[in-house]
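Worksheet: one structure, shown below.
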Amino acid sequence: MTDSLVERLRSAGCVFAEEEAQLLRAEATGARLDELVARRVGGEPLETVLGRVDLDGERLQVTAGCFVPRRRTLLLVRLAVEARPSVLVEVCCGVAPVAALAARRLDGLEVHAADLDPVPLVAARVNLGDRGRVHEGDLMAPLPADLQGRVDVLVANAPYVPTAEIAHMPSEARLHEPRLALDGGADGLDLHRRIAHAAPGWLRPGGVLLIETSERQARATAAACAEAGLAAEIVRDDELDATAVRAVSDFDRLTPDPGPPHFRSITP
Ligand SMILES: C[S@@+](CC[C@H](N)C(=O)[O-])C[C@H]1O[C@@H](n2cnc3c(N)ncnc32)[C@H](O)[C@@H]1O
């Protein structure tokens, strides 16, 4: 016997139609189920329809109009936790996946998360709960001034899609995630440059800036960090298909002979 919900989802292009039907039925019945199905068939990401995303065994709230955290961003979580910070700031936080997962894994961590868009910050507050504070505004501008010079880890999955490439993105992202969350400017690196430039003012000596990037853009992201006086290296994780730049502040003061600004690549 055919399942009409599975058929509807399949016709709408849902590759995992059986699994999605099961999840949607577990979530709602009757008119509410019809509403969720209509949103999914209309192309909205399953995660925002269900109102949640599961990452590395942790559940995060995500609502319509938010960027859905991707599995590859777990590389930032791993690098942030490995740095054993006491103070962590996530800028361009969206629903704050890195801040929330790090806060759940590190006791006593002081956590701040900030974004320009108020929509994902509603979910960010839920995801952080009483483990962290949420701020609304442009990059670091809304952060408390007393964080300057004492941040151990500053982390960002900022928009890095070159403007002209947005038109070629899958429709789930292009039509249902805010352009503010995707558009990184002409070469995709506008936000990376701004974050790298501002980071030294917020990091403590030896503090670490972590930026998600793509394999193709990684050298340019690392170069932006090196230009800001940070010692940058590219980190690649093939299993997560993830690339990040890790850049250490006050390299000059920490090492007797740092040499010229540089970066290197490492694959863990
Ligand atoms: C690619 S999304 C990533 C969200 C989140 N970090 C994650 O991994 O799920 C980029 C985020 O940057 C935010 N953003 C874009 N420009 C910004 C700016 N100038 N200041 C602060 N946040 C900004 C967007 O609102 C969006 O939430």
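Convention: chains lettered A, B, ... in structure tokens order; per-chain residue numbering from 1; ligands numbered from 1 as shown.
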
Using only C-alpha atoms and all ligand atoms, find each residue with an atom at most 8 Å away from ligand 1 and format the answer as a compact mmCIF listing (two decimals) with N, CA and C atoms, in the first residue's frame.
```txt
# COMPACT_ATOMS: atom_id res chain seq x y z
N CYS A 66 16.03 31.19 10.19
CA CYS A 66 17.39 31.07 10.76
C CYS A 66 18.27 30.27 9.81
N PHE A 67 19.56 30.48 9.89
CA PHE A 67 20.53 29.60 9.24
C PHE A 67 20.57 28.30 10.04
N VAL A 68 20.49 27.15 9.33
CA VAL A 68 20.51 25.85 10.01
C VAL A 68 21.98 25.44 10.22
N PRO A 69 22.40 25.26 11.47
CA PRO A 69 23.80 24.85 11.71
C PRO A 69 24.13 23.57 10.94
N ARG A 70 25.32 23.56 10.33
CA ARG A 70 25.76 22.42 9.54
C ARG A 70 26.71 21.54 10.36
N THR A 73 30.40 22.48 10.97
CA THR A 73 30.75 23.48 12.00
C THR A 73 31.21 22.81 13.30
N GLU A 90 31.22 33.82 20.56
CA GLU A 90 30.86 33.44 19.19
C GLU A 90 30.19 34.64 18.54
N VAL A 91 30.82 35.17 17.46
CA VAL A 91 30.18 36.25 16.71
C VAL A 91 29.57 35.66 15.45
N CYS A 92 28.63 36.39 14.83
CA CYS A 92 27.84 35.83 13.72
C CYS A 92 27.26 34.50 14.17
N CYS A 93 26.67 34.50 15.36
CA CYS A 93 26.35 33.23 16.05
C CYS A 93 25.13 32.53 15.52
N GLY A 94 24.23 33.23 14.82
CA GLY A 94 22.98 32.56 14.45
C GLY A 94 22.32 31.98 15.69
N VAL A 95 21.98 30.69 15.65
CA VAL A 95 21.36 30.07 16.83
C VAL A 95 22.40 29.62 17.86
N ALA A 96 23.65 30.03 17.65
CA ALA A 96 24.77 29.85 18.59
C ALA A 96 25.20 28.39 18.79
N PRO A 97 25.41 27.65 17.70
CA PRO A 97 25.77 26.24 17.88
C PRO A 97 27.11 26.03 18.56
N VAL A 98 28.11 26.85 18.21
CA VAL A 98 29.44 26.62 18.79
C VAL A 98 29.43 27.01 20.27
N ALA A 114 26.84 36.65 19.74
CA ALA A 114 26.30 37.90 19.18
C ALA A 114 25.97 37.73 17.70
N ASP A 115 24.92 38.41 17.27
CA ASP A 115 24.52 38.39 15.85
C ASP A 115 23.77 39.69 15.56
N LEU A 116 23.83 40.07 14.29
CA LEU A 116 23.13 41.29 13.85
C LEU A 116 21.63 41.06 13.70
N ASP A 117 21.25 39.82 13.42
CA ASP A 117 19.86 39.48 13.11
C ASP A 117 19.15 39.02 14.39
N PRO A 118 18.08 39.71 14.78
CA PRO A 118 17.40 39.31 16.03
C PRO A 118 16.67 37.96 15.92
N PRO A 120 17.48 34.74 14.73
CA PRO A 120 18.11 33.55 15.31
C PRO A 120 18.46 33.71 16.78
N GLU A 136 22.83 41.57 20.59
CA GLU A 136 22.40 41.86 19.22
C GLU A 136 23.14 43.07 18.67
N GLY A 137 23.77 42.89 17.49
CA GLY A 137 24.46 44.02 16.86
C GLY A 137 25.51 43.55 15.88
N ASP A 138 26.21 44.51 15.30
CA ASP A 138 27.20 44.24 14.26
C ASP A 138 28.50 43.66 14.86
N LEU A 139 28.87 42.48 14.44
CA LEU A 139 30.10 41.80 14.89
C LEU A 139 30.34 41.98 16.40
N MET A 140 31.47 42.60 16.79
CA MET A 140 31.80 42.71 18.21
C MET A 140 31.16 43.94 18.87
N ALA A 156 33.92 32.18 14.86
CA ALA A 156 32.92 32.69 13.93
C ALA A 156 32.70 31.74 12.76
N ASN A 157 31.46 31.38 12.56
CA ASN A 157 31.06 30.87 11.25
C ASN A 157 30.25 32.01 10.63
N ALA A 158 30.98 32.93 10.02
CA ALA A 158 30.37 34.12 9.39
C ALA A 158 30.01 33.76 7.95
N PRO A 159 29.17 34.58 7.30
CA PRO A 159 28.85 34.30 5.89
C PRO A 159 30.13 34.32 5.05
N TYR A 160 30.30 33.30 4.18
CA TYR A 160 31.49 33.33 3.31
C TYR A 160 31.20 32.91 1.87
N PRO A 178 18.32 33.39 5.49
CA PRO A 178 18.44 34.82 5.18
C PRO A 178 19.70 35.12 4.39
N LEU A 180 21.49 37.62 4.65
CA LEU A 180 22.49 38.12 5.61
C LEU A 180 23.37 36.98 6.14
N ALA A 181 22.81 35.77 6.17
CA ALA A 181 23.56 34.63 6.71
C ALA A 181 24.48 33.99 5.68
N LEU A 182 24.32 34.35 4.42
CA LEU A 182 25.06 33.68 3.34
C LEU A 182 26.08 34.58 2.67
N ASP A 183 25.72 35.84 2.46
CA ASP A 183 26.46 36.72 1.56
C ASP A 183 27.73 37.27 2.21
N LEU A 191 33.48 39.55 5.70
CA LEU A 191 33.32 39.39 7.16
C LEU A 191 34.60 38.83 7.78
```

So which residues touch Leu88 of chain A within 7 Å, counting only C-alpha atoms, skipping near sequence neighbours fewer than 4 positions away, as a count of residues only? 7

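Using only C-alpha atoms for every distance, the candidate list A:Val87, A:Leu50, A:Leu240, A:Ala102 yields A:Val87 as the residue closest to Gly207 of chain A.
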
Which value, in Å to one decimal, gives the distance between atom CA of Ala247 of chain A and atom CA of Pro85 of chain A? 14.5 Å

Compile the contact shell of Ala198 of chain A as a ChimeraX atom specification: residues with an atom at most 12 Å away, counting only C-alpha atoms, same-chain residues fewer than 2 positions apart removed. /A:91,138-141,148-149,154,191-196,200-203,209,224-225,227-230,249
